[in-house]
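The structure under discussion appears below in the form of structure tokens.
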Amino acid sequence: MIIRVRLHGRGGQAMKTAGRVVGTAAFLEGFRAQDSPMYGPERRGAPVASFLRISDEEIAERGYVWSPDIIAIADPTLIGDPRANVLDGARQSTAAFVNIPTLDGIRVGDLTRLTNYDVTRAAIRLLGRAVLSSGVAGAVVKLLPISRQSLEEAVKIEMEDIGLKEREIDLNVKLALECFEGTPRVPVEPLPTEELQQFRAVELGWQPPEVSIGLIRNVGNGVEKMTGSWRVSRPVIDYSKCTRCGVCFDYCPEAAITLAGPDNRPVIDYDHCKGCLICYNECPVKGAITVEEEGLAEKVASGGVV
Amino acid sequence: MSSEPTRYRTLKDIPKEEYMAPGTPLCAGCGAQLALRLALKALGPHTIVVNVPGCVALFAIYPYSSLKLPFVFTSFVAAPATAQGIVDAIKVLRSKGVNLPEDTKVLVVVGDGAAYDIGLQSSSGALHRQLDHYYFVYDNEAYGNTGFQYSSATPFLSRTTTSEATDRVPGNTFWKKDLFEIWRAHGVPYIATVAASKPVDLLRKFEKAARFKGPKLFLALGVCPTGWGSDPQMTVKIDKLAVETGIWPLKEAVYGEVRHTYIPRSLKPVEEYLRTQRRFAHLFDGKHDDLLKEYQARVNAYWEKVWSTELK
Ligand code: SF4
Ligand code: SF4
Ligand code: SF4
């Protein structure tokens, strides 16, 4: 029996490492395990996924997990994001872990086996940063036939492997165990391999060059991509302090600041600002740019979570 | 350069026009993106961009394009040939009476993997032929787009995913290849290094390059928070430190004559720069002091030469 897991997060939340930890824990428990991250062109803050298969028999599949038995969602704002496609191939019986303080009002498609824990808060408390790998791994292990000891051992192995110091490794173990304990268990029902959907390669017929070469006539239409959702921190300009020096405009890599109006006031385009905070760091006037945490509530309100 | 006529005197002179659309797939805080955004401001709207695999290739993920300019994507080795084809086509069109803007330019944008390694041979050919084009390298000092593997632009002692730091090896043990000097040996009209934290210097160099016919080559430092393990908000500060520690000299070569456009009177210790990045973190365990000294000595030796020849 193969258990198939798909982990969803944003670039920088360390879902690749989370997958590795669970894979190693499964291996230590005596299973065969396979884990791999998605290779994609998108970056820190953009939706990413990693894949995991755990089995007591040989695993003859590779790559993308089409029919997940477990979905782990490290960032609830991904649920409604079509680019993340977290529900891809999910069945009603697929178990879903969501990194969120409460499941009240949260829907993940029509899935019924939902469970949760606030990994982000635990990570910030223990590690000082929202690095979620060990925590999400702990939560996922809770849903699998893997012991606490194997989890603990796996976190140590993987954290040492990425070069963490002893103190940080201990804190990661704490985080993993806290999330393991805190996540309510829900039943997992692996899909028998015979029932796996078969996927065939898409056949591409002949197309005239105007179509087949991917000619983009509308140059600059990348503006339709709303990279504002990548942001975890929001720079906010206080116009009563801002001297209109323009330095923030100069150094914004994203061209997300324009100098507008007769006084050349900097205006941040929040649809695209990725929250790198270079503007905040470079602004020469104390207090002219402040940083606010991007609230989840706000993203829910703006339709990010359904 | 201060004596030469220029449109760019202070930060206020940075053009407001943008040739990059926000919403790109590049990492938050990408230094390469900032350097390119500034360069395009100097190059203007009649620039045809040729690009190869690398982070900037993400600007054109079908059906989206993040540049408001024509963009041709080709293979690593084919960029100079593609640029040659476009340059030739422009000539042919003009000879047939097609009215193209006077300042139509061809710009090749590549990363260090393409410039230092995979595409070096074909770009050498284009330089040898004195192809009239701009060549812009965003140097993030590794194969950043595929997970940060070592390239010949990777600096001494940097950890990459293929030059790990272990008990036995301190990361990359080779010195960064000197592409500037390789280019210079081709006898081309204009070569410059630039840094995004010095936008006025950057803009002026592009402005100056426009006077020359033939290859105009730019090497831009691309601070890479993702690969270097640095804080995205520190990108410009780190870029500045690279310049002020003397690790990233700002210079130009006009027909081979080298001149530094920024000469620090004293250098900040290289450590100040190295400490900002996780790729160098292994050097600060107390066991690598000799190597750090070697690093500093190499940088000092470079500048002593510059001071003795250019500060007279
Ligand atoms: S850098 Fe600061 S003071 Fe200057 S324009 Fe931007 S917000 Fe205003
Ligand atoms: S945080 Fe500031 S510098 Fe970074 S993308 Fe947003 S507006 Fe630009
Ligand atoms: S990997 Fe580095 S160079 Fe590439 S987009 Fe990200 S920050 Fe920029």
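Order determines the names: the first chain of the structure tokens is A, the second B, and so forth; residues in each chain are numbered 1 upward, and ligands are numbered 1 upward as they are shown.
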
Once you count only C-alpha atoms and all ligand atoms, what closest atom pair and distance in Å to one decimal does each residue of chain A within 12 Å of ligand 1 have, with rows by chain and rising residue number, as a Markdown table?
```
| residue | atom | partner | partner_atom_place_in_ligand_line | distance |
| --- | --- | --- | --- | --- |
| A:Pro235 | CA | ligand 1 | 7 (S) | 9.5 |
| A:Val236 | CA | ligand 1 | 7 (S) | 8.5 |
| A:Ile237 | CA | ligand 1 | 7 (S) | 5.6 |
| A:Asp238 | CA | ligand 1 | 7 (S) | 7.2 |
| A:Tyr239 | CA | ligand 1 | 8 (Fe) | 7.1 |
| A:Ser240 | CA | ligand 1 | 8 (Fe) | 9.3 |
| A:Lys241 | CA | ligand 1 | 3 (S) | 6.9 |
| A:Cys242 | CA | ligand 1 | 8 (Fe) | 3.6 |
| A:Thr243 | CA | ligand 1 | 3 (S) | 4.4 |
| A:Arg244 | CA | ligand 1 | 5 (S) | 3.7 |
| A:Cys245 | CA | ligand 1 | 4 (Fe) | 3.9 |
| A:Gly246 | CA | ligand 1 | 5 (S) | 3.9 |
| A:Val247 | CA | ligand 1 | 1 (S) | 4.2 |
| A:Cys248 | CA | ligand 1 | 1 (S) | 4.1 |
| A:Phe249 | CA | ligand 1 | 6 (Fe) | 6.5 |
| A:Asp250 | CA | ligand 1 | 1 (S) | 8.5 |
| A:Tyr251 | CA | ligand 1 | 1 (S) | 9.0 |
| A:Cys252 | CA | ligand 1 | 6 (Fe) | 10.1 |
| A:Ile257 | CA | ligand 1 | 6 (Fe) | 8.9 |
| A:Thr258 | CA | ligand 1 | 5 (S) | 10.0 |
| A:Leu259 | CA | ligand 1 | 5 (S) | 8.3 |
| A:Ala260 | CA | ligand 1 | 5 (S) | 10.8 |
| A:Asp263 | CA | ligand 1 | 5 (S) | 10.2 |
| A:Asn264 | CA | ligand 1 | 5 (S) | 8.2 |
| A:Arg265 | CA | ligand 1 | 5 (S) | 6.5 |
| A:Pro266 | CA | ligand 1 | 5 (S) | 5.5 |
| A:Val267 | CA | ligand 1 | 6 (Fe) | 8.8 |
| A:Ile268 | CA | ligand 1 | 7 (S) | 9.6 |
| A:Leu277 | CA | ligand 1 | 1 (S) | 11.4 |
| A:Ile278 | CA | ligand 1 | 1 (S) | 9.9 |
| A:Cys279 | CA | ligand 1 | 1 (S) | 6.4 |
| A:Tyr280 | CA | ligand 1 | 2 (Fe) | 7.4 |
| A:Asn281 | CA | ligand 1 | 1 (S) | 8.9 |
| A:Glu282 | CA | ligand 1 | 1 (S) | 6.5 |
| A:Cys283 | CA | ligand 1 | 1 (S) | 3.7 |
| A:Pro284 | CA | ligand 1 | 2 (Fe) | 5.9 |
| A:Val285 | CA | ligand 1 | 3 (S) | 5.1 |
| A:Lys286 | CA | ligand 1 | 2 (Fe) | 8.0 |
| A:Gly287 | CA | ligand 1 | 2 (Fe) | 8.3 |
| A:Ala288 | CA | ligand 1 | 7 (S) | 5.2 |
| A:Ile289 | CA | ligand 1 | 7 (S) | 5.5 |
| A:Thr290 | CA | ligand 1 | 7 (S) | 9.2 |
| A:Val291 | CA | ligand 1 | 7 (S) | 11.9 |
```

Could you list, as a PyMOL selection string, all the residues within 9 Å of ligand 3, counting only C-alpha atoms and all ligand atoms? (chain A and resi 42-44) or (chain B and resi 25-33+54-56+58+111+138-148+222-228+232)

Those same residues - N, CA, C and O atoms - I'd like them written as a short mmCIF file (atom, residue, chain, number, x, y, z; two decimals), in the first residue's frame.
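Full text of result-v2.cif as output:
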```
data_model
loop_
_atom_site.label_atom_id
_atom_site.label_comp_id
_atom_site.auth_asym_id
_atom_site.auth_seq_id
_atom_site.Cartn_x
_atom_site.Cartn_y
_atom_site.Cartn_z
N GLU A 42 9.08 29.51 -10.36
CA GLU A 42 8.65 30.59 -9.49
C GLU A 42 9.50 30.63 -8.23
O GLU A 42 10.17 29.68 -7.89
N ARG A 43 9.49 31.71 -7.54
CA ARG A 43 10.48 32.01 -6.53
C ARG A 43 9.89 32.19 -5.14
O ARG A 43 8.71 32.07 -4.92
N ARG A 44 10.80 32.56 -4.23
CA ARG A 44 10.45 32.87 -2.84
C ARG A 44 9.09 33.57 -2.78
O ARG A 44 8.90 34.58 -3.43
N PRO B 25 8.31 36.88 -12.28
CA PRO B 25 8.48 35.67 -11.45
C PRO B 25 9.80 35.61 -10.70
O PRO B 25 10.08 34.60 -10.07
N LEU B 26 10.63 36.65 -10.74
CA LEU B 26 11.90 36.58 -10.04
C LEU B 26 11.72 36.75 -8.52
O LEU B 26 10.72 37.28 -8.06
N CYS B 27 12.72 36.30 -7.77
CA CYS B 27 12.63 36.34 -6.30
C CYS B 27 12.47 37.77 -5.79
O CYS B 27 13.02 38.70 -6.36
N ALA B 28 11.78 37.88 -4.67
CA ALA B 28 11.69 39.17 -4.00
C ALA B 28 13.10 39.62 -3.61
O ALA B 28 13.88 38.83 -3.07
N GLY B 29 13.43 40.86 -3.92
CA GLY B 29 14.73 41.39 -3.52
C GLY B 29 15.87 40.97 -4.42
O GLY B 29 17.03 41.02 -4.02
N CYS B 30 15.58 40.59 -5.66
CA CYS B 30 16.62 40.12 -6.59
C CYS B 30 17.48 41.29 -7.08
O CYS B 30 16.99 42.23 -7.69
N GLY B 31 18.77 41.20 -6.83
CA GLY B 31 19.68 42.26 -7.23
C GLY B 31 19.89 42.32 -8.74
O GLY B 31 20.07 43.40 -9.31
N ALA B 32 19.84 41.17 -9.39
CA ALA B 32 20.00 41.13 -10.84
C ALA B 32 18.87 41.89 -11.51
O ALA B 32 19.07 42.65 -12.46
N GLN B 33 17.68 41.70 -10.96
CA GLN B 33 16.51 42.37 -11.53
C GLN B 33 16.64 43.89 -11.40
O GLN B 33 16.33 44.63 -12.32
N GLY B 54 18.26 31.01 -17.64
CA GLY B 54 18.76 31.74 -16.48
C GLY B 54 17.58 32.38 -15.81
O GLY B 54 16.45 32.29 -16.31
N CYS B 55 17.81 33.04 -14.69
CA CYS B 55 16.67 33.61 -13.96
C CYS B 55 15.87 34.59 -14.80
O CYS B 55 14.64 34.60 -14.76
N VAL B 56 16.55 35.42 -15.58
CA VAL B 56 15.85 36.44 -16.36
C VAL B 56 14.95 35.82 -17.43
O VAL B 56 13.97 36.43 -17.87
N LEU B 58 12.78 33.89 -16.95
CA LEU B 58 11.43 33.80 -16.38
C LEU B 58 10.59 35.01 -16.72
O LEU B 58 9.38 35.02 -16.52
N GLY B 111 23.11 35.36 -17.74
CA GLY B 111 23.66 35.19 -16.40
C GLY B 111 25.12 34.78 -16.47
O GLY B 111 25.69 34.62 -17.56
N TYR B 138 24.24 39.54 -15.73
CA TYR B 138 23.88 39.68 -14.31
C TYR B 138 24.57 38.53 -13.60
O TYR B 138 24.28 37.37 -13.82
N ASP B 139 25.53 38.88 -12.79
CA ASP B 139 26.42 37.88 -12.21
C ASP B 139 26.00 37.57 -10.78
O ASP B 139 26.34 38.28 -9.84
N ASN B 140 25.23 36.49 -10.62
CA ASN B 140 24.86 36.08 -9.26
C ASN B 140 25.80 34.99 -8.76
O ASN B 140 25.57 34.33 -7.76
N GLU B 141 26.86 34.77 -9.51
CA GLU B 141 28.01 33.98 -9.06
C GLU B 141 27.71 32.50 -8.84
O GLU B 141 28.34 31.85 -8.02
N ALA B 142 26.75 31.98 -9.58
CA ALA B 142 26.44 30.54 -9.56
C ALA B 142 25.27 30.30 -10.52
O ALA B 142 24.72 31.25 -11.06
N TYR B 143 24.91 29.04 -10.70
CA TYR B 143 23.73 28.73 -11.50
C TYR B 143 22.49 28.90 -10.61
O TYR B 143 22.00 27.93 -10.03
N GLY B 144 22.03 30.13 -10.51
CA GLY B 144 20.97 30.46 -9.55
C GLY B 144 19.63 29.88 -9.92
O GLY B 144 18.82 29.52 -9.05
N ASN B 145 19.36 29.78 -11.19
CA ASN B 145 18.03 29.37 -11.64
C ASN B 145 17.76 27.89 -11.40
O ASN B 145 16.62 27.45 -11.35
N THR B 146 18.81 27.10 -11.25
CA THR B 146 18.61 25.66 -11.12
C THR B 146 18.94 25.17 -9.71
O THR B 146 19.09 23.99 -9.49
N GLY B 147 19.13 26.10 -8.77
CA GLY B 147 19.35 25.66 -7.40
C GLY B 147 20.73 25.98 -6.87
O GLY B 147 21.19 25.42 -5.90
N PHE B 148 21.45 26.91 -7.52
CA PHE B 148 22.70 27.45 -7.02
C PHE B 148 23.85 26.45 -7.06
O PHE B 148 24.43 26.08 -6.04
N GLY B 222 24.92 40.70 -9.26
CA GLY B 222 23.52 40.35 -9.03
C GLY B 222 23.35 39.73 -7.65
O GLY B 222 23.39 38.51 -7.51
N VAL B 223 23.19 40.58 -6.65
CA VAL B 223 23.00 40.05 -5.29
C VAL B 223 21.78 39.13 -5.31
O VAL B 223 20.71 39.50 -5.80
N CYS B 224 21.95 37.92 -4.79
CA CYS B 224 20.95 36.86 -4.97
C CYS B 224 20.53 36.32 -3.60
O CYS B 224 21.13 35.39 -3.08
N PRO B 225 19.49 36.93 -2.99
CA PRO B 225 19.10 36.52 -1.64
C PRO B 225 18.86 35.01 -1.54
O PRO B 225 19.21 34.38 -0.55
N THR B 226 18.28 34.44 -2.59
CA THR B 226 17.94 33.02 -2.55
C THR B 226 19.17 32.13 -2.53
O THR B 226 19.29 31.22 -1.72
N GLY B 227 20.10 32.40 -3.42
CA GLY B 227 21.28 31.56 -3.51
C GLY B 227 22.35 31.92 -2.48
O GLY B 227 23.04 31.05 -1.97
N TRP B 228 22.46 33.19 -2.18
CA TRP B 228 23.52 33.63 -1.28
C TRP B 228 23.11 33.47 0.19
O TRP B 228 23.94 33.56 1.08
N PRO B 232 16.52 39.54 1.90
CA PRO B 232 16.14 40.30 0.70
C PRO B 232 16.20 41.82 0.90
O PRO B 232 16.58 42.55 -0.01
#
```

Counting only C-alpha atoms, what is within 12 Å of Val243 (chain B), bar same-chain residues fewer than 3 positions away, as a PyMOL selection string? chain B and resi 193-198+220-221+223+236-240+246-251+260-264+266-270+272-273+299+303

8 Å contact set for Ser158 (chain B), only C-alpha atoms, chain neighbours under 3 positions out, as a list in words: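 Everything that qualifies: Thr154, Pro155, Ser163, Pro170, Gly171, Asn172, Arg279 and Phe280 of chain B.
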
Same residues, all heavy atoms, output as an mmCIF file, in the first residue's frame:
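Below is the file that was written, result.cif:
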```cif
data_model
loop_
_atom_site.group_PDB
_atom_site.id
_atom_site.type_symbol
_atom_site.label_atom_id
_atom_site.label_comp_id
_atom_site.auth_asym_id
_atom_site.auth_seq_id
_atom_site.Cartn_x
_atom_site.Cartn_y
_atom_site.Cartn_z
ATOM 1 N N THR B 154 31.751 31.797 -9.521
ATOM 2 C CA THR B 154 31.581 31.641 -8.071
ATOM 3 C C THR B 154 32.840 32.114 -7.352
ATOM 4 O O THR B 154 33.947 31.720 -7.725
ATOM 5 C CB THR B 154 31.300 30.161 -7.726
ATOM 6 O OG1 THR B 154 30.120 29.754 -8.420
ATOM 7 C CG2 THR B 154 31.094 29.978 -6.233
ATOM 8 N N PRO B 155 32.697 32.969 -6.343
ATOM 9 C CA PRO B 155 33.889 33.488 -5.684
ATOM 10 C C PRO B 155 34.559 32.450 -4.775
ATOM 11 O O PRO B 155 33.928 31.481 -4.352
ATOM 12 C CB PRO B 155 33.366 34.669 -4.867
ATOM 13 C CG PRO B 155 31.930 34.408 -4.676
ATOM 14 C CD PRO B 155 31.470 33.583 -5.841
ATOM 15 N N SER B 163 29.593 22.864 -4.459
ATOM 16 C CA SER B 163 30.891 23.090 -3.800
ATOM 17 C C SER B 163 30.582 23.276 -2.312
ATOM 18 O O SER B 163 30.658 24.355 -1.771
ATOM 19 C CB SER B 163 31.621 24.313 -4.370
ATOM 20 O OG SER B 163 30.865 25.495 -4.195
ATOM 21 N N PRO B 170 36.606 23.995 2.230
ATOM 22 C CA PRO B 170 35.947 25.215 2.697
ATOM 23 C C PRO B 170 35.035 25.832 1.641
ATOM 24 O O PRO B 170 35.033 27.024 1.432
ATOM 25 C CB PRO B 170 37.147 26.136 2.959
ATOM 26 C CG PRO B 170 38.171 25.713 1.953
ATOM 27 C CD PRO B 170 37.965 24.237 1.713
ATOM 28 N N GLY B 171 34.228 25.048 0.936
ATOM 29 C CA GLY B 171 33.437 25.593 -0.163
ATOM 30 C C GLY B 171 34.282 25.628 -1.427
ATOM 31 O O GLY B 171 35.201 24.820 -1.589
ATOM 32 N N ASN B 172 33.984 26.584 -2.305
ATOM 33 C CA ASN B 172 34.696 26.677 -3.583
ATOM 34 C C ASN B 172 36.156 27.096 -3.370
ATOM 35 O O ASN B 172 36.429 28.129 -2.765
ATOM 36 C CB ASN B 172 33.981 27.693 -4.475
ATOM 37 C CG ASN B 172 34.738 27.954 -5.759
ATOM 38 O OD1 ASN B 172 35.353 27.054 -6.314
ATOM 39 N ND2 ASN B 172 34.705 29.192 -6.216
ATOM 40 N N ARG B 279 26.182 31.805 2.380
ATOM 41 C CA ARG B 279 27.115 31.000 1.577
ATOM 42 C C ARG B 279 28.544 31.082 2.113
ATOM 43 O O ARG B 279 29.391 30.293 1.741
ATOM 44 C CB ARG B 279 27.057 31.404 0.098
ATOM 45 C CG ARG B 279 27.484 32.826 -0.182
ATOM 46 C CD ARG B 279 27.481 33.137 -1.674
ATOM 47 N NE ARG B 279 27.742 34.553 -1.888
ATOM 48 C CZ ARG B 279 28.216 35.074 -2.993
ATOM 49 N NH1 ARG B 279 28.493 34.298 -4.016
ATOM 50 N NH2 ARG B 279 28.399 36.375 -3.105
ATOM 51 N N PHE B 280 28.809 32.094 2.955
ATOM 52 C CA PHE B 280 30.138 32.227 3.548
ATOM 53 C C PHE B 280 30.141 31.922 5.051
ATOM 54 O O PHE B 280 31.165 32.088 5.714
ATOM 55 C CB PHE B 280 30.686 33.642 3.334
ATOM 56 C CG PHE B 280 30.923 33.999 1.887
ATOM 57 C CD1 PHE B 280 30.215 35.025 1.276
ATOM 58 C CD2 PHE B 280 31.865 33.301 1.135
ATOM 59 C CE1 PHE B 280 30.433 35.351 -0.054
ATOM 60 C CE2 PHE B 280 32.097 33.625 -0.201
ATOM 61 C CZ PHE B 280 31.370 34.648 -0.794
#
```

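Among the candidates B:Gly23, B:Pro5, B:Pro70, B:Pro15, the residue lying nearest to ligand 2 is B:Gly23 (atoms considered: only C-alpha atoms and all ligand atoms).
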
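From CA of Val5 (chain A) back to CA of Val188 (chain A), the distance works out to 10.6 Å.
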
So which residues touch Ala210 (chain B) within 12 Å, counting only C-alpha atoms, skipping near sequence neighbours fewer than 5 positions away, as a PDB file with N, CA and C atoms, in the first residue's frame?
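Output below, filename around32.pdb:
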```
ATOM      1  N   THR B   6      26.878  64.588 -19.357  1.00  0.00           N
ATOM      2  CA  THR B   6      25.985  63.480 -19.015  1.00  0.00           C
ATOM      3  C   THR B   6      24.598  63.981 -18.634  1.00  0.00           C
ATOM      4  N   ALA B  42      18.414  53.368 -19.059  1.00  0.00           N
ATOM      5  CA  ALA B  42      19.389  54.091 -19.864  1.00  0.00           C
ATOM      6  C   ALA B  42      19.307  53.676 -21.329  1.00  0.00           C
ATOM      7  N   LEU B  43      18.978  52.422 -21.578  1.00  0.00           N
ATOM      8  CA  LEU B  43      18.966  51.932 -22.956  1.00  0.00           C
ATOM      9  C   LEU B  43      17.750  52.423 -23.732  1.00  0.00           C
ATOM     10  N   GLY B  44      16.617  52.543 -23.057  1.00  0.00           N
ATOM     11  CA  GLY B  44      15.454  53.127 -23.692  1.00  0.00           C
ATOM     12  C   GLY B  44      14.566  52.157 -24.440  1.00  0.00           C
ATOM     13  N   GLU B 102      16.511  55.536 -34.922  1.00  0.00           N
ATOM     14  CA  GLU B 102      17.963  55.688 -34.972  1.00  0.00           C
ATOM     15  C   GLU B 102      18.658  54.911 -33.857  1.00  0.00           C
ATOM     16  N   ASP B 103      18.029  54.935 -32.657  1.00  0.00           N
ATOM     17  CA  ASP B 103      18.687  54.323 -31.496  1.00  0.00           C
ATOM     18  C   ASP B 103      18.251  52.877 -31.263  1.00  0.00           C
ATOM     19  N   THR B 104      17.886  52.173 -32.312  1.00  0.00           N
ATOM     20  CA  THR B 104      17.544  50.758 -32.160  1.00  0.00           C
ATOM     21  C   THR B 104      18.796  49.988 -31.735  1.00  0.00           C
ATOM     22  N   LYS B 105      18.648  49.212 -30.653  1.00  0.00           N
ATOM     23  CA  LYS B 105      19.817  48.508 -30.120  1.00  0.00           C
ATOM     24  C   LYS B 105      19.482  47.042 -29.921  1.00  0.00           C
ATOM     25  N   VAL B 106      20.504  46.231 -29.949  1.00  0.00           N
ATOM     26  CA  VAL B 106      20.331  44.823 -29.611  1.00  0.00           C
ATOM     27  C   VAL B 106      21.076  44.566 -28.308  1.00  0.00           C
ATOM     28  N   LEU B 107      20.360  44.012 -27.353  1.00  0.00           N
ATOM     29  CA  LEU B 107      20.930  43.778 -26.022  1.00  0.00           C
ATOM     30  C   LEU B 107      20.855  42.286 -25.689  1.00  0.00           C
ATOM     31  N   ASP B 132      28.112  44.791 -33.334  1.00  0.00           N
ATOM     32  CA  ASP B 132      27.611  46.010 -32.714  1.00  0.00           C
ATOM     33  C   ASP B 132      26.405  45.694 -31.822  1.00  0.00           C
ATOM     34  N   HIS B 133      26.672  45.398 -30.564  1.00  0.00           N
ATOM     35  CA  HIS B 133      25.578  45.041 -29.662  1.00  0.00           C
ATOM     36  C   HIS B 133      25.983  45.330 -28.214  1.00  0.00           C
ATOM     37  N   TYR B 134      24.988  45.302 -27.351  1.00  0.00           N
ATOM     38  CA  TYR B 134      25.230  45.400 -25.911  1.00  0.00           C
ATOM     39  C   TYR B 134      25.150  43.995 -25.328  1.00  0.00           C
ATOM     40  N   PRO B 189      35.454  48.088 -27.997  1.00  0.00           N
ATOM     41  CA  PRO B 189      35.423  49.499 -27.621  1.00  0.00           C
ATOM     42  C   PRO B 189      35.062  49.780 -26.161  1.00  0.00           C
ATOM     43  N   TYR B 190      34.108  49.042 -25.603  1.00  0.00           N
ATOM     44  CA  TYR B 190      33.672  49.460 -24.266  1.00  0.00           C
ATOM     45  C   TYR B 190      33.337  48.272 -23.369  1.00  0.00           C
ATOM     46  N   ILE B 191      33.916  48.276 -22.189  1.00  0.00           N
ATOM     47  CA  ILE B 191      33.629  47.266 -21.164  1.00  0.00           C
ATOM     48  C   ILE B 191      33.439  48.004 -19.845  1.00  0.00           C
ATOM     49  N   LEU B 203      24.124  54.236 -14.930  1.00  0.00           N
ATOM     50  CA  LEU B 203      23.449  54.917 -16.043  1.00  0.00           C
ATOM     51  C   LEU B 203      24.462  55.629 -16.944  1.00  0.00           C
ATOM     52  N   ARG B 204      25.453  56.261 -16.321  1.00  0.00           N
ATOM     53  CA  ARG B 204      26.448  56.967 -17.123  1.00  0.00           C
ATOM     54  C   ARG B 204      27.239  56.035 -18.017  1.00  0.00           C
ATOM     55  N   LYS B 205      27.505  54.856 -17.521  1.00  0.00           N
ATOM     56  CA  LYS B 205      28.284  53.918 -18.331  1.00  0.00           C
ATOM     57  C   LYS B 205      27.493  53.482 -19.564  1.00  0.00           C
ATOM     58  N   PRO B 215      31.094  45.918 -29.864  1.00  0.00           N
ATOM     59  CA  PRO B 215      30.611  45.306 -28.630  1.00  0.00           C
ATOM     60  C   PRO B 215      30.736  46.244 -27.429  1.00  0.00           C
ATOM     61  N   LYS B 216      29.664  46.305 -26.638  1.00  0.00           N
ATOM     62  CA  LYS B 216      29.634  47.109 -25.415  1.00  0.00           C
ATOM     63  C   LYS B 216      29.226  46.159 -24.298  1.00  0.00           C
ATOM     64  N   LEU B 217      30.161  45.883 -23.407  1.00  0.00           N
ATOM     65  CA  LEU B 217      29.968  44.764 -22.488  1.00  0.00           C
ATOM     66  C   LEU B 217      29.845  45.236 -21.050  1.00  0.00           C
TER      67      LEU B 217
END
```

Between A:Asn218, A:Ser233, A:Asn99, A:Asn172, which has the minimum distance to chain B (counting only C-alpha atoms)?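 Once distances to chain B are computed over only C-alpha atoms, the minimum belongs to A:Asn218.
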
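Remark: for ligand 2, the closest of the candidate residues B:Glu257, B:Asp231, B:Asp285, B:Glu310 is B:Asp231 (distances computed over only C-alpha atoms and all ligand atoms).
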
Could you give me, as a VMD selection string, the residues within 6 Å of Gly9 (chain A), counting only C-alpha atoms and dropping anything in the same chain fewer than 6 positions from it? chain A and resid 47 to 48 74 to 75

Which residue of B:Phe136, B:Gln233, B:Gly125, B:Leu131 approaches chain A most closely, using only C-alpha atoms: B:Gln233

When you get a sec, could you note down which chain A residues fall within 6 Å of chain B, using only C-alpha atoms, as a ChimeraX atom specification? /A:42-44,219-223,225-227,253-256,272,274,276-278

Taking N, CA and C atoms for each residue, export the selection above as a short mmCIF file (atom, residue, chain, number, x, y, z; two decimals), in the first residue's frame.
```
data_model
loop_
_atom_site.label_atom_id
_atom_site.label_comp_id
_atom_site.auth_asym_id
_atom_site.auth_seq_id
_atom_site.Cartn_x
_atom_site.Cartn_y
_atom_site.Cartn_z
N GLU A 42 9.08 29.51 -10.36
CA GLU A 42 8.65 30.59 -9.49
C GLU A 42 9.50 30.63 -8.23
N ARG A 43 9.49 31.71 -7.54
CA ARG A 43 10.48 32.01 -6.53
C ARG A 43 9.89 32.19 -5.14
N ARG A 44 10.80 32.56 -4.23
CA ARG A 44 10.45 32.87 -2.84
C ARG A 44 9.09 33.57 -2.78
N VAL A 219 3.55 42.72 -25.18
CA VAL A 219 4.71 42.82 -24.31
C VAL A 219 4.37 43.59 -23.04
N GLY A 220 4.92 43.11 -21.95
CA GLY A 220 4.66 43.75 -20.67
C GLY A 220 3.40 43.26 -20.00
N ASN A 221 2.74 42.23 -20.58
CA ASN A 221 1.50 41.75 -19.96
C ASN A 221 1.76 40.94 -18.68
N GLY A 222 3.05 40.78 -18.32
CA GLY A 222 3.36 40.15 -17.04
C GLY A 222 2.73 40.88 -15.88
N VAL A 223 2.33 42.11 -16.11
CA VAL A 223 1.69 42.92 -15.08
C VAL A 223 0.38 42.27 -14.60
N LYS A 225 0.13 39.35 -13.59
CA LYS A 225 0.43 38.43 -12.50
C LYS A 225 0.49 39.20 -11.18
N MET A 226 -0.32 38.80 -10.25
CA MET A 226 -0.45 39.55 -9.01
C MET A 226 0.54 39.01 -7.96
N THR A 227 1.77 39.46 -8.06
CA THR A 227 2.78 38.95 -7.14
C THR A 227 2.64 39.55 -5.74
N PRO A 253 13.36 46.68 -6.97
CA PRO A 253 13.71 45.83 -8.12
C PRO A 253 12.50 45.54 -9.00
N GLU A 254 11.32 45.62 -8.40
CA GLU A 254 10.11 45.15 -9.05
C GLU A 254 9.43 46.25 -9.86
N ALA A 255 9.93 47.47 -9.82
CA ALA A 255 9.25 48.61 -10.43
C ALA A 255 7.84 48.74 -9.86
N ALA A 256 7.71 48.45 -8.57
CA ALA A 256 6.40 48.50 -7.93
C ALA A 256 6.15 49.84 -7.24
N HIS A 272 1.50 44.19 -6.83
CA HIS A 272 2.73 43.55 -7.32
C HIS A 272 3.89 43.55 -6.34
N LYS A 274 6.37 42.65 -3.79
CA LYS A 274 6.60 41.32 -3.23
C LYS A 274 7.02 41.36 -1.76
N CYS A 276 9.86 42.67 -0.45
CA CYS A 276 11.29 42.43 -0.18
C CYS A 276 11.81 43.40 0.89
N LEU A 277 11.15 44.55 1.01
CA LEU A 277 11.48 45.57 2.01
C LEU A 277 12.79 46.32 1.74
N ILE A 278 13.27 46.27 0.52
CA ILE A 278 14.43 47.09 0.18
C ILE A 278 14.08 48.57 0.37
#
```

Helix (DSSP H, G or I) positions in region 122-287 of chain A, given as a PyMOL selection string: chain A and resi 122-127+133-142+148-161+166-182+193-195+209-212+221-224+227-230+247-251+278-282

Taking 4 positions as the minimum chain separation for residues in the same chain, which residues sit within 8 Å of Tyr117 (chain A) when counting only C-alpha atoms? Answer as a PyMOL selection string. chain A and resi 97-102+139+179+182-183
